[in-house]
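A.B. asks: Here you go, target.txt (compact mmCIF, C-alpha atoms):
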```txt
# COMPACT_ATOMS: atom_id res chain seq x y z
CA MET A 1 -66.88 -21.11 59.38
CA THR A 2 -68.93 -22.34 56.44
CA THR A 3 -69.19 -26.11 56.45
CA VAL A 4 -69.69 -28.74 53.80
CA ASP A 5 -72.97 -30.61 54.08
CA ALA A 6 -72.86 -33.94 55.89
CA PRO A 7 -72.16 -36.85 53.54
CA ALA A 8 -75.00 -38.98 52.28
CA PRO A 9 -74.86 -42.79 52.62
CA ALA A 10 -72.68 -44.28 49.90
CA SER A 11 -75.17 -46.96 48.88
CA SER A 12 -77.88 -44.44 47.98
CA GLY A 13 -75.63 -42.72 45.47
CA LEU A 14 -73.79 -45.70 43.96
CA PRO A 15 -75.72 -45.76 40.64
CA ARG A 16 -75.21 -42.02 40.25
CA LEU A 17 -71.51 -42.39 41.06
CA LEU A 18 -71.11 -45.04 38.39
CA VAL A 19 -72.79 -42.84 35.79
CA VAL A 20 -70.92 -39.64 36.68
CA ALA A 21 -67.53 -41.31 37.12
CA GLY A 22 -68.02 -43.38 33.97
CA ALA A 23 -68.89 -40.30 31.92
CA ALA A 24 -65.97 -38.31 33.34
CA LEU A 25 -63.56 -41.17 32.67
CA ALA A 26 -64.80 -41.63 29.10
CA LEU A 27 -64.51 -37.90 28.32
CA THR A 28 -61.03 -37.75 29.87
CA LEU A 29 -59.78 -40.72 27.86
CA VAL A 30 -61.22 -39.31 24.62
CA LEU A 31 -59.58 -35.95 25.29
CA ALA A 32 -56.27 -37.66 26.12
CA LEU A 33 -56.40 -39.54 22.82
CA PHE A 34 -57.21 -36.30 21.00
CA ASN A 35 -54.18 -34.63 22.58
CA LEU A 36 -51.98 -37.48 21.38
CA THR A 37 -53.13 -36.99 17.79
CA GLN A 38 -52.74 -33.20 17.62
CA GLY A 39 -49.58 -31.15 17.18
CA GLU A 40 -47.28 -29.64 14.61
CA THR A 41 -47.79 -32.86 12.66
CA ASP A 42 -51.19 -34.44 13.26
CA SER A 43 -51.42 -38.20 13.69
CA GLN A 44 -54.17 -40.67 12.98
CA VAL A 45 -55.83 -42.46 15.88
CA GLY A 46 -54.58 -45.77 14.50
CA ALA A 47 -50.98 -44.55 14.56
CA VAL A 48 -51.36 -43.40 18.16
CA LEU A 49 -52.86 -46.71 19.29
CA ASP A 50 -50.15 -48.61 17.43
CA ASN A 51 -47.43 -46.62 19.18
CA LEU A 52 -49.07 -47.06 22.58
CA THR A 53 -49.26 -50.84 22.19
CA ARG A 54 -45.88 -51.28 20.51
CA GLY A 55 -43.13 -52.51 22.77
CA ALA A 56 -40.41 -50.31 21.28
CA PRO A 57 -40.47 -47.10 19.21
CA ILE A 58 -39.99 -47.26 15.47
CA GLU A 59 -36.39 -46.28 14.88
CA GLY A 60 -36.06 -43.15 12.75
CA ASP A 61 -39.83 -42.53 12.68
CA ILE A 62 -40.49 -38.85 13.53
CA GLU A 63 -44.20 -39.46 14.16
CA SER A 64 -43.39 -42.22 16.63
CA LEU A 65 -40.93 -39.92 18.38
CA LEU A 66 -43.53 -37.14 18.64
CA ILE A 67 -46.21 -39.44 20.04
CA ARG A 68 -44.09 -41.39 22.51
CA ASP A 69 -41.51 -38.88 23.68
CA VAL A 70 -43.22 -35.50 23.31
CA ARG A 71 -47.00 -35.84 23.56
CA LEU A 72 -47.40 -38.92 25.78
CA PRO A 73 -45.35 -37.63 28.77
CA ARG A 74 -47.26 -34.37 28.55
CA VAL A 75 -50.65 -36.10 28.57
CA LEU A 76 -49.69 -38.41 31.42
CA MET A 77 -48.43 -35.47 33.48
CA ALA A 78 -51.71 -33.61 32.94
CA LEU A 79 -53.68 -36.70 33.99
CA MET A 80 -51.62 -37.24 37.13
CA ALA A 81 -51.38 -33.58 38.16
CA GLY A 82 -55.10 -33.01 37.58
CA ALA A 83 -56.04 -36.05 39.67
CA ALA A 84 -53.67 -34.95 42.44
CA LEU A 85 -55.12 -31.43 42.47
CA GLY A 86 -58.70 -32.73 42.56
CA LEU A 87 -57.94 -35.00 45.51
CA ALA A 88 -55.99 -32.31 47.34
CA GLY A 89 -58.95 -29.96 47.00
CA VAL A 90 -61.28 -32.48 48.64
CA LEU A 91 -58.82 -33.15 51.46
CA LEU A 92 -58.32 -29.47 52.24
CA GLN A 93 -61.94 -28.33 51.90
CA ASP A 94 -63.46 -31.14 53.92
CA SER A 95 -60.81 -31.48 56.61
CA LEU A 96 -60.70 -27.72 57.23
CA ARG A 97 -64.47 -27.43 56.69
CA ASN A 98 -63.68 -24.50 54.43
CA PRO A 99 -65.18 -24.58 50.92
CA LEU A 100 -62.55 -22.12 49.65
CA ALA A 101 -59.52 -24.18 50.74
CA ASP A 102 -57.26 -24.58 47.72
CA PRO A 103 -53.46 -24.84 47.39
CA SER A 104 -53.25 -21.72 45.21
CA LEU A 105 -55.50 -19.71 47.56
CA LEU A 106 -53.61 -20.81 50.68
CA GLY A 107 -50.26 -19.65 49.30
CA VAL A 108 -48.98 -23.21 48.93
CA ALA A 109 -48.13 -22.93 45.24
CA GLN A 110 -46.46 -19.56 45.73
CA GLY A 111 -44.35 -20.83 48.62
CA ALA A 112 -43.25 -23.81 46.56
CA SER A 113 -42.49 -21.55 43.59
CA PHE A 114 -40.31 -19.33 45.74
CA VAL A 115 -38.22 -22.34 46.75
CA VAL A 116 -37.90 -23.31 43.07
CA ALA A 117 -36.69 -19.79 42.24
CA VAL A 118 -34.03 -19.87 44.93
CA SER A 119 -32.89 -23.40 44.07
CA ALA A 120 -32.66 -22.57 40.34
CA LEU A 121 -30.82 -19.26 40.65
CA TYR A 122 -28.87 -19.79 43.86
CA PRO A 123 -28.19 -23.53 44.10
CA GLU A 124 -25.39 -22.87 46.58
CA VAL A 125 -27.97 -21.54 49.09
CA ILE A 126 -30.33 -24.52 49.01
CA PRO A 127 -29.33 -27.97 50.31
CA PRO A 128 -28.88 -30.53 47.51
CA LEU A 129 -32.30 -32.14 47.97
CA PRO A 130 -34.63 -33.44 45.23
CA VAL A 131 -36.82 -30.62 43.88
CA PRO A 132 -40.13 -32.23 44.96
CA ILE A 133 -38.89 -32.32 48.55
CA LEU A 134 -37.87 -28.66 48.37
CA THR A 135 -41.26 -27.64 46.98
CA PHE A 136 -43.00 -29.75 49.62
CA ILE A 137 -41.13 -27.91 52.36
CA GLY A 138 -41.88 -24.48 50.85
CA GLY A 139 -45.53 -25.26 50.16
CA THR A 140 -46.15 -26.76 53.58
CA LEU A 141 -44.57 -23.82 55.40
CA ALA A 142 -46.65 -21.36 53.36
CA GLY A 143 -49.94 -23.22 53.81
CA GLY A 144 -49.29 -23.78 57.50
CA SER A 145 -48.53 -20.09 58.00
CA VAL A 146 -51.86 -19.10 56.42
CA LEU A 147 -53.78 -21.46 58.66
CA ILE A 148 -51.99 -20.19 61.77
CA ILE A 149 -52.66 -16.55 60.83
CA SER A 150 -56.35 -17.19 60.13
CA ARG A 151 -57.04 -19.90 62.72
CA ASN A 152 -59.72 -17.84 64.49
CA ALA A 153 -61.44 -16.64 61.31
CA LYS A 154 -65.05 -17.79 61.06
CA ASN A 155 -65.55 -16.56 57.50
CA PRO A 156 -63.73 -18.71 54.89
CA VAL A 157 -63.15 -15.62 52.76
CA ARG A 158 -60.83 -14.30 55.49
CA VAL A 159 -58.70 -17.41 55.11
CA VAL A 160 -58.47 -16.66 51.39
CA LEU A 161 -57.46 -13.07 52.16
CA ALA A 162 -54.71 -14.34 54.46
CA GLY A 163 -53.57 -16.66 51.69
CA ALA A 164 -53.64 -13.82 49.17
CA MET A 165 -51.48 -11.65 51.40
CA LEU A 166 -48.95 -14.43 51.93
CA SER A 167 -48.99 -15.16 48.19
CA VAL A 168 -48.05 -11.54 47.53
CA VAL A 169 -45.21 -11.85 50.03
CA PHE A 170 -43.79 -14.93 48.31
CA ALA A 171 -44.33 -13.44 44.85
CA THR A 172 -42.42 -10.34 45.95
CA LEU A 173 -39.61 -12.44 47.37
CA SER A 174 -39.45 -14.44 44.14
CA THR A 175 -39.23 -11.22 42.13
CA ALA A 176 -36.44 -9.98 44.37
CA VAL A 177 -34.55 -13.23 43.86
CA LEU A 178 -34.91 -12.88 40.09
CA GLN A 179 -33.82 -9.25 40.12
CA MET A 180 -30.68 -10.05 42.09
CA ALA A 181 -29.76 -13.09 39.99
CA PRO A 182 -26.40 -12.89 38.22
CA ARG A 183 -26.58 -12.13 34.50
CA THR A 184 -24.91 -15.44 33.79
CA ARG A 185 -28.12 -17.09 34.98
CA SER A 186 -30.52 -15.07 32.81
CA LEU A 187 -31.68 -18.23 31.02
CA ASP A 188 -32.61 -19.76 34.37
CA ALA A 189 -34.59 -16.60 35.19
CA PHE A 190 -36.42 -16.79 31.85
CA ALA A 191 -37.26 -20.42 32.47
CA TYR A 192 -38.62 -19.50 35.90
CA PHE A 193 -40.92 -16.84 34.42
CA ARG A 194 -42.39 -19.51 32.13
CA PHE A 195 -42.63 -21.88 35.05
CA VAL A 196 -44.66 -19.61 37.35
CA ILE A 197 -47.42 -19.32 34.74
CA GLY A 198 -47.91 -23.09 34.76
CA ASN A 199 -47.22 -25.06 31.59
CA PHE A 200 -46.48 -28.52 30.21
CA THR A 201 -44.19 -27.45 27.39
CA ASP A 202 -40.98 -29.09 28.59
CA VAL A 203 -42.41 -32.18 30.32
CA ARG A 204 -40.34 -35.26 29.55
CA TRP A 205 -40.13 -38.84 30.78
CA GLU A 206 -37.56 -37.95 33.43
CA ASP A 207 -40.08 -35.53 34.95
CA LEU A 208 -42.66 -38.29 35.14
CA ARG A 209 -40.16 -40.61 36.77
CA MET A 210 -39.45 -37.91 39.34
CA VAL A 211 -43.08 -37.42 40.43
CA LEU A 212 -44.41 -40.94 39.90
CA PRO A 213 -43.26 -42.30 43.30
CA TRP A 214 -45.07 -39.45 45.06
CA PHE A 215 -48.21 -40.16 43.02
CA VAL A 216 -48.11 -43.91 43.69
CA LEU A 217 -47.62 -43.26 47.41
CA ALA A 218 -50.12 -40.47 47.97
CA MET A 219 -53.02 -41.39 45.67
CA PRO A 220 -54.14 -44.63 47.38
CA VAL A 221 -53.55 -43.13 50.83
CA ALA A 222 -55.80 -40.20 49.89
CA LEU A 223 -58.57 -42.50 48.66
CA LEU A 224 -58.32 -44.66 51.78
CA SER A 225 -58.60 -41.56 53.99
CA ALA A 226 -62.15 -40.85 52.79
CA ARG A 227 -63.73 -42.22 55.97
CA VAL A 228 -61.62 -39.89 58.12
CA VAL A 229 -62.56 -36.97 55.86
CA ASN A 230 -66.24 -37.81 56.25
CA LEU A 231 -65.91 -37.81 60.04
CA LEU A 232 -64.23 -34.39 60.02
CA GLN A 233 -67.10 -33.01 57.96
CA LEU A 234 -69.41 -33.74 60.89
CA GLY A 235 -67.51 -31.36 63.17
CA ASP A 236 -64.82 -31.85 65.79
CA ASP A 237 -67.21 -32.83 68.60
CA ALA A 238 -68.92 -35.52 66.56
CA ALA A 239 -65.59 -36.81 65.19
CA SER A 240 -64.14 -36.98 68.72
CA GLY A 241 -67.20 -38.86 69.90
CA LEU A 242 -66.57 -41.43 67.18
CA GLY A 243 -62.99 -41.99 68.34
CA LEU A 244 -61.09 -39.64 66.03
CA ASN A 245 -58.53 -37.06 67.12
CA PRO A 246 -59.57 -34.13 64.90
CA GLY A 247 -56.37 -32.11 65.30
CA ARG A 248 -54.05 -34.95 64.37
CA ALA A 249 -56.29 -36.14 61.56
CA ARG A 250 -56.54 -32.65 60.08
CA LEU A 251 -52.77 -32.18 60.22
CA ALA A 252 -52.17 -35.56 58.57
CA LEU A 253 -54.63 -34.78 55.77
CA MET A 254 -53.07 -31.37 55.17
CA VAL A 255 -49.62 -32.94 54.86
CA LEU A 256 -51.09 -35.53 52.50
CA ALA A 257 -52.55 -32.76 50.36
CA MET A 258 -49.13 -31.10 50.18
CA VAL A 259 -47.55 -34.42 49.16
CA LEU A 260 -50.10 -34.64 46.35
CA VAL A 261 -49.63 -31.11 45.04
CA THR A 262 -46.08 -29.90 45.54
CA PRO A 263 -44.23 -32.45 43.32
CA TYR A 264 -46.21 -31.21 40.33
CA VAL A 265 -45.47 -27.59 41.18
CA ALA A 266 -41.81 -28.57 40.84
CA VAL A 267 -42.40 -29.66 37.23
CA ILE A 268 -45.28 -27.68 35.71
CA GLY A 269 -45.50 -24.69 38.02
CA PRO A 270 -48.48 -23.47 40.04
CA ILE A 271 -51.82 -24.27 38.40
CA GLY A 272 -54.58 -22.18 39.87
CA PHE A 273 -58.16 -22.99 40.87
CA VAL A 274 -58.36 -26.63 39.67
CA ALA A 275 -58.25 -27.94 43.25
CA LEU A 276 -60.98 -25.46 44.21
CA PHE A 277 -63.20 -26.15 41.21
CA ALA A 278 -63.14 -29.95 40.87
CA PRO A 279 -64.52 -30.91 44.33
CA HIS A 280 -67.43 -28.45 44.12
CA VAL A 281 -68.45 -29.66 40.66
CA ALA A 282 -68.11 -33.27 41.81
CA ARG A 283 -70.41 -32.68 44.79
CA SER A 284 -72.96 -30.98 42.55
CA LEU A 285 -72.93 -33.79 39.98
CA LEU A 286 -73.17 -36.46 42.67
CA ALA A 287 -75.68 -34.56 44.86
CA SER A 288 -73.57 -35.83 47.76
CA ALA A 289 -70.65 -34.72 49.94
CA ASP A 290 -69.54 -38.29 50.69
CA ALA A 291 -65.77 -38.09 50.29
CA ARG A 292 -65.61 -41.71 49.10
CA GLN A 293 -67.52 -40.65 46.00
CA VAL A 294 -66.39 -37.05 45.66
CA MET A 295 -62.69 -37.98 45.62
CA VAL A 296 -63.11 -40.28 42.64
CA VAL A 297 -65.03 -37.79 40.54
CA ALA A 298 -62.92 -34.79 41.62
CA ALA A 299 -59.76 -36.61 40.52
CA LEU A 300 -61.26 -37.33 37.09
CA LEU A 301 -62.53 -33.78 36.71
CA GLY A 302 -59.13 -32.37 37.65
CA SER A 303 -57.48 -34.45 34.93
CA PHE A 304 -60.15 -33.41 32.43
CA VAL A 305 -59.74 -29.69 33.17
CA LEU A 306 -55.95 -29.81 32.85
CA LEU A 307 -56.19 -31.68 29.55
CA ILE A 308 -58.60 -29.03 28.23
CA ALA A 309 -56.27 -26.26 29.35
CA ASP A 310 -53.26 -27.92 27.73
CA SER A 311 -55.19 -28.59 24.51
CA ALA A 312 -56.34 -24.98 24.32
CA GLY A 313 -52.84 -23.70 25.03
CA ARG A 314 -51.28 -25.82 22.31
CA LEU A 315 -53.87 -25.53 19.58
CA LEU A 316 -55.98 -22.36 19.75
CA LEU A 317 -53.20 -19.96 18.73
CA PHE A 318 -50.97 -22.50 16.95
CA PRO A 319 -48.04 -22.26 16.29
CA THR A 320 -47.83 -19.93 19.33
CA GLU A 321 -48.25 -21.90 22.55
CA VAL A 322 -50.04 -20.34 25.52
CA PRO A 323 -49.21 -21.81 28.96
CA ALA A 324 -51.93 -24.08 30.31
CA GLY A 325 -52.05 -22.04 33.52
CA VAL A 326 -53.53 -19.13 31.58
CA PHE A 327 -56.45 -21.27 30.44
CA THR A 328 -57.15 -22.75 33.86
CA TRP A 329 -57.68 -19.15 35.01
CA ILE A 330 -59.91 -18.45 32.00
CA ILE A 331 -61.92 -21.68 32.36
CA VAL A 332 -62.13 -21.99 36.14
CA GLY A 333 -61.36 -18.48 37.41
CA PRO A 334 -64.87 -16.99 36.87
CA VAL A 335 -66.46 -19.93 38.68
CA ALA A 336 -64.06 -19.47 41.59
CA LEU A 337 -64.81 -15.74 41.81
CA ILE A 338 -68.56 -16.41 41.87
CA LEU A 339 -68.04 -18.97 44.63
CA VAL A 340 -65.96 -16.55 46.69
CA GLY A 341 -68.63 -13.86 46.30
CA ARG A 342 -71.44 -16.15 47.38
CA LEU A 343 -69.59 -17.43 50.41
CA GLY A 344 -68.54 -13.92 51.36
CA ARG A 345 -72.16 -12.74 51.36
CA ARG A 346 -73.21 -15.83 53.30
CA GLY A 347 -70.52 -15.28 55.91
CA ALA A 348 -71.44 -11.61 56.31
CA SER A 349 -75.14 -12.31 56.76
```
Please express what this file holds, its structure, as structure tokens.

C.D. replies:
Amino acid sequence: MTTVDAPAPASSGLPRLLVVAGAALALTLVLALFNLTQGETDSQVGAVLDNLTRGAPIEGDIESLLIRDVRLPRVLMALMAGAALGLAGVLLQDSLRNPLADPSLLGVAQGASFVVAVSALYPEVIPPLPVPILTFIGGTLAGGSVLIISRNAKNPVRVVLAGAMLSVVFATLSTAVLQMAPRTRSLDAFAYFRFVIGNFTDVRWEDLRMVLPWFVLAMPVALLSARVVNLLQLGDDAASGLGLNPGRARLALMVLAMVLVTPYVAVIGPIGFVALFAPHVARSLLASADARQVMVVAALLGSFVLLIADSAGRLLLFPTEVPAGVFTWIIVGPVALILVGRLGRRGAS
């Protein structure tokens, strides 16, 4: 199976990390501020900053309502979901030593979406659990099934093919659920169709409160796991020689990746390719595969890409809004296809 290059010493790349991470952070913050100023009624930067620093909203002020209750939750969700996807991509690619490992390519997002479809249209069938827990269960079962099916595959493209087949299975099951839904739940079916494309249109503060505990729990754990990720990059024999149990570590990191990703699937739907794209770009910019550095930059790049996709969806065809998931495919999809082609040729040679 294709492997990621061994990580370089962290000290040798620290100045480069500071430059790359600093630039990515600055661009992300500028784009976030831009998103807060743009909409059906544009706002001045001063008005946005005033609302962000004000303790309470201005009563009866429509602009304040738009900034604080419509745009801000949307921007924060894009920042959090993008960071989670970037980190999950690093965890999956490096722990599995598969450069194509990605939640959307392993069927994780589709499995989680299927659970959302069933819970929305047939609530009597699903136990009354919080939606993030349901999507975590569905996503983990789907991703685990792909890895079991393709466990002996030496070419990473074969893992992607297994994921694609399982994705089709879950997509078909979701379609069947929608087709059999009672007519009285047609609005729920319509909402699900919008959901599976991936969008931020209806994100509100309650959605942020739902996913924030998962983010606060999983993000620091992911960053602290960088040393374990680096050991797994060296191969199972080397990791075992250094005192690590590769099987248990890999399983724990996979579960951690699911904890990062599936809560956001419950809110914004499956967003494709960001988790695949961000780690590869981060490694290229850093000229290093050291997970301690790559995780930081991949998280920032994931946030940046999702903000671009949301900005494009809201503004390019205004007043018509295009789901952000469409633009992640447009922006990142070609890069992912090129990567798959290169790795396929490398595995066949």

A.B. asks: Go through A:Val159, A:Val281, A:Val131, A:Val48 and flag the residue nearest Glu63 (chain A), using all atoms listed in the file for the distances.

C.D. replies: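 Checking each of A:Val159, A:Val281, A:Val131, A:Val48 against Glu63 (chain A), counting all atoms listed in the file, the winner is A:Val48.
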
A.B. asks: Which is closest to Gln233 (chain A) among A:Pro99, A:Pro319, A:Pro263, A:Gly144, if we use only C-alpha atoms?

C.D. replies: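 Once distances to Gln233 (chain A) are computed over only C-alpha atoms, the minimum belongs to A:Pro99.
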
A.B. asks: Applying 7 Å and all atoms listed in the file, which residues near Val115 (chain A) remain after dropping the ones on its own chain fewer than 4 positions away? List them as a list of chain:residue names.

C.D. replies: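 Here the answer would be A:Gly111, A:Ser119, A:Leu134, A:Thr135, A:Gly138.
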
A.B. asks: One number please: CA of Val274 (chain A) to CA of Asn98 (chain A), in Å, one decimal.

C.D. replies: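 So the answer is 15.8 Å.
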
A.B. asks: Report, in Å to a single decimal, how far apart CA of Ala278 (chain A) and CA of Ala24 (chain A) are.

C.D. replies: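 Atom-to-atom, CA of Ala24 (chain A) to CA of Ala278 (chain A), that is 11.6 Å.
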
A.B. asks: Mind running region 86-162 of chain A against region 266-272 of chain A at 12 Å and telling me each contacting residue's nearest atom pair with the distance in Å (one decimal), counting all atoms listed in the file, chain and number ascending, as a Markdown table?

C.D. replies:
```
| residue | atom | partner | partner_atom | distance |
| --- | --- | --- | --- | --- |
| A:Gly86 | CA | A:Gly272 | CA | 11.6 |
| A:Gly89 | CA | A:Gly272 | CA | 11.4 |
| A:Asp102 | CA | A:Gly272 | CA | 8.6 |
| A:Pro103 | CA | A:Gly272 | CA | 8.1 |
| A:Ser104 | CA | A:Gly272 | CA | 5.5 |
| A:Leu105 | CA | A:Gly272 | CA | 8.1 |
| A:Leu106 | CA | A:Gly272 | CA | 10.9 |
| A:Gly107 | CA | A:Pro270 | CA | 10.2 |
| A:Val108 | CA | A:Pro270 | CA | 8.9 |
| A:Ala109 | CA | A:Pro270 | CA | 5.2 |
| A:Gln110 | CA | A:Pro270 | CA | 7.2 |
| A:Gly111 | CA | A:Pro270 | CA | 9.9 |
| A:Ala112 | CA | A:Ala266 | CA | 7.6 |
| A:Ser113 | CA | A:Gly269 | CA | 7.1 |
| A:Phe114 | CA | A:Ala266 | CA | 10.6 |
| A:Val115 | CA | A:Ala266 | CA | 9.3 |
| A:Val116 | CA | A:Ala266 | CA | 6.9 |
| A:Ala117 | CA | A:Ala266 | CA | 10.3 |
| A:Ser119 | CA | A:Ala266 | CA | 10.8 |
| A:Ala120 | CA | A:Ala266 | CA | 11.0 |
| A:Pro130 | CA | A:Ala266 | CA | 9.7 |
| A:Val131 | CA | A:Ala266 | CA | 6.2 |
| A:Pro132 | CA | A:Ala266 | CA | 5.8 |
| A:Ile133 | CA | A:Ala266 | CA | 9.1 |
| A:Leu134 | CA | A:Ala266 | CA | 8.5 |
| A:Thr135 | CA | A:Ala266 | CA | 6.2 |
| A:Phe136 | CA | A:Ala266 | CA | 8.9 |
| A:Ile137 | CA | A:Ala266 | CA | 11.6 |
| A:Gly138 | CA | A:Ala266 | CA | 10.8 |
| A:Gly139 | CA | A:Ala266 | CA | 10.6 |
```

A.B. asks: I'd like to know which of A:Leu85, A:Leu212, A:Ala171, A:Leu242 is closest to Arg227 (chain A), using all atoms listed in the file.

C.D. replies: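 Checking each candidate against Arg227 (chain A), we get A:Leu242 as the closest.
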
A.B. asks: Met258 (chain A): which residues within 7 Å, counting all atoms listed in the file, same-chain residues fewer than 3 positions away excluded, as an MDAnalysis selection string?

C.D. replies: chainID A and resid 136 139:140 254:255 261:262

A.B. asks: I'd like the interatomic distance between CA of Val177 (chain A) and CA of Val118 (chain A), to a tenth of an Å.

C.D. replies: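 For CA of Val177 (chain A) relative to CA of Val118 (chain A), the distance reads 6.7 Å.
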
A.B. asks: Go through A:Ser167, A:Asn199, A:Thr328, A:Thr28 and flag the residue nearest Tyr264 (chain A), using all atoms listed in the file for the distances.

C.D. replies: A:Asn199

A.B. asks: Identify which of the residues A:Ala257, A:Val45, A:Leu208, A:Ala142 lies closest to Ala84 (chain A), counting all atoms listed in the file when measuring atom-to-atom distances.

C.D. replies: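 Closest to Ala84 (chain A) of all the choices is A:Ala257.
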
A.B. asks: Could you name the residues that touch Ala32 (chain A) at 9 Å or less, counting all atoms listed in the file, but leaving out those on the same chain fewer than 6 positions away, as a PyMOL selection string?

C.D. replies: chain A and resi 72+75-76+79+304+307

A.B. asks: Would you mind putting back N, CA, C and O atoms on region 30-41 of chain A, then writing it out as a PDB file, in the coordinates of the input?

C.D. replies:
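To be explicit, this is the file written out as result-v1.pdb:
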```pdb
ATOM      1  N   VAL A  30     -61.058 -39.825  25.986  1.00  0.00           N
ATOM      2  CA  VAL A  30     -61.220 -39.310  24.620  1.00  0.00           C
ATOM      3  C   VAL A  30     -60.358 -38.065  24.423  1.00  0.00           C
ATOM      4  O   VAL A  30     -59.684 -37.909  23.390  1.00  0.00           O
ATOM      5  N   LEU A  31     -60.376 -37.178  25.395  1.00  0.00           N
ATOM      6  CA  LEU A  31     -59.580 -35.950  25.290  1.00  0.00           C
ATOM      7  C   LEU A  31     -58.083 -36.276  25.301  1.00  0.00           C
ATOM      8  O   LEU A  31     -57.291 -35.646  24.584  1.00  0.00           O
ATOM      9  N   ALA A  32     -57.676 -37.255  26.105  1.00  0.00           N
ATOM     10  CA  ALA A  32     -56.270 -37.660  26.120  1.00  0.00           C
ATOM     11  C   ALA A  32     -55.852 -38.199  24.762  1.00  0.00           C
ATOM     12  O   ALA A  32     -54.766 -37.867  24.251  1.00  0.00           O
ATOM     13  N   LEU A  33     -56.699 -39.016  24.148  1.00  0.00           N
ATOM     14  CA  LEU A  33     -56.400 -39.540  22.820  1.00  0.00           C
ATOM     15  C   LEU A  33     -56.335 -38.426  21.787  1.00  0.00           C
ATOM     16  O   LEU A  33     -55.454 -38.417  20.913  1.00  0.00           O
ATOM     17  N   PHE A  34     -57.236 -37.457  21.907  1.00  0.00           N
ATOM     18  CA  PHE A  34     -57.210 -36.300  21.000  1.00  0.00           C
ATOM     19  C   PHE A  34     -55.900 -35.546  21.138  1.00  0.00           C
ATOM     20  O   PHE A  34     -55.292 -35.149  20.130  1.00  0.00           O
ATOM     21  N   ASN A  35     -55.445 -35.338  22.353  1.00  0.00           N
ATOM     22  CA  ASN A  35     -54.180 -34.630  22.580  1.00  0.00           C
ATOM     23  C   ASN A  35     -53.000 -35.371  21.949  1.00  0.00           C
ATOM     24  O   ASN A  35     -52.049 -34.750  21.469  1.00  0.00           O
ATOM     25  N   LEU A  36     -53.065 -36.695  21.961  1.00  0.00           N
ATOM     26  CA  LEU A  36     -51.980 -37.480  21.380  1.00  0.00           C
ATOM     27  C   LEU A  36     -51.957 -37.412  19.858  1.00  0.00           C
ATOM     28  O   LEU A  36     -50.928 -37.691  19.243  1.00  0.00           O
ATOM     29  N   THR A  37     -53.077 -37.047  19.268  1.00  0.00           N
ATOM     30  CA  THR A  37     -53.130 -36.990  17.790  1.00  0.00           C
ATOM     31  C   THR A  37     -52.806 -35.606  17.247  1.00  0.00           C
ATOM     32  O   THR A  37     -52.514 -35.478  16.053  1.00  0.00           O
ATOM     33  N   GLN A  38     -52.849 -34.576  18.099  1.00  0.00           N
ATOM     34  CA  GLN A  38     -52.740 -33.200  17.620  1.00  0.00           C
ATOM     35  C   GLN A  38     -51.364 -32.614  17.927  1.00  0.00           C
ATOM     36  O   GLN A  38     -50.805 -32.845  18.989  1.00  0.00           O
ATOM     37  N   GLY A  39     -50.853 -31.819  16.983  1.00  0.00           N
ATOM     38  CA  GLY A  39     -49.580 -31.150  17.180  1.00  0.00           C
ATOM     39  C   GLY A  39     -49.113 -30.523  15.886  1.00  0.00           C
ATOM     40  O   GLY A  39     -49.901 -30.300  14.957  1.00  0.00           O
ATOM     41  N   GLU A  40     -47.828 -30.238  15.821  1.00  0.00           N
ATOM     42  CA  GLU A  40     -47.280 -29.640  14.610  1.00  0.00           C
ATOM     43  C   GLU A  40     -47.508 -30.559  13.412  1.00  0.00           C
ATOM     44  O   GLU A  40     -47.748 -30.109  12.295  1.00  0.00           O
ATOM     45  N   THR A  41     -47.432 -31.860  13.659  1.00  0.00           N
ATOM     46  CA  THR A  41     -47.790 -32.860  12.660  1.00  0.00           C
ATOM     47  C   THR A  41     -48.879 -33.735  13.259  1.00  0.00           C
ATOM     48  O   THR A  41     -48.630 -34.462  14.227  1.00  0.00           O
TER      49      THR A  41
END
```
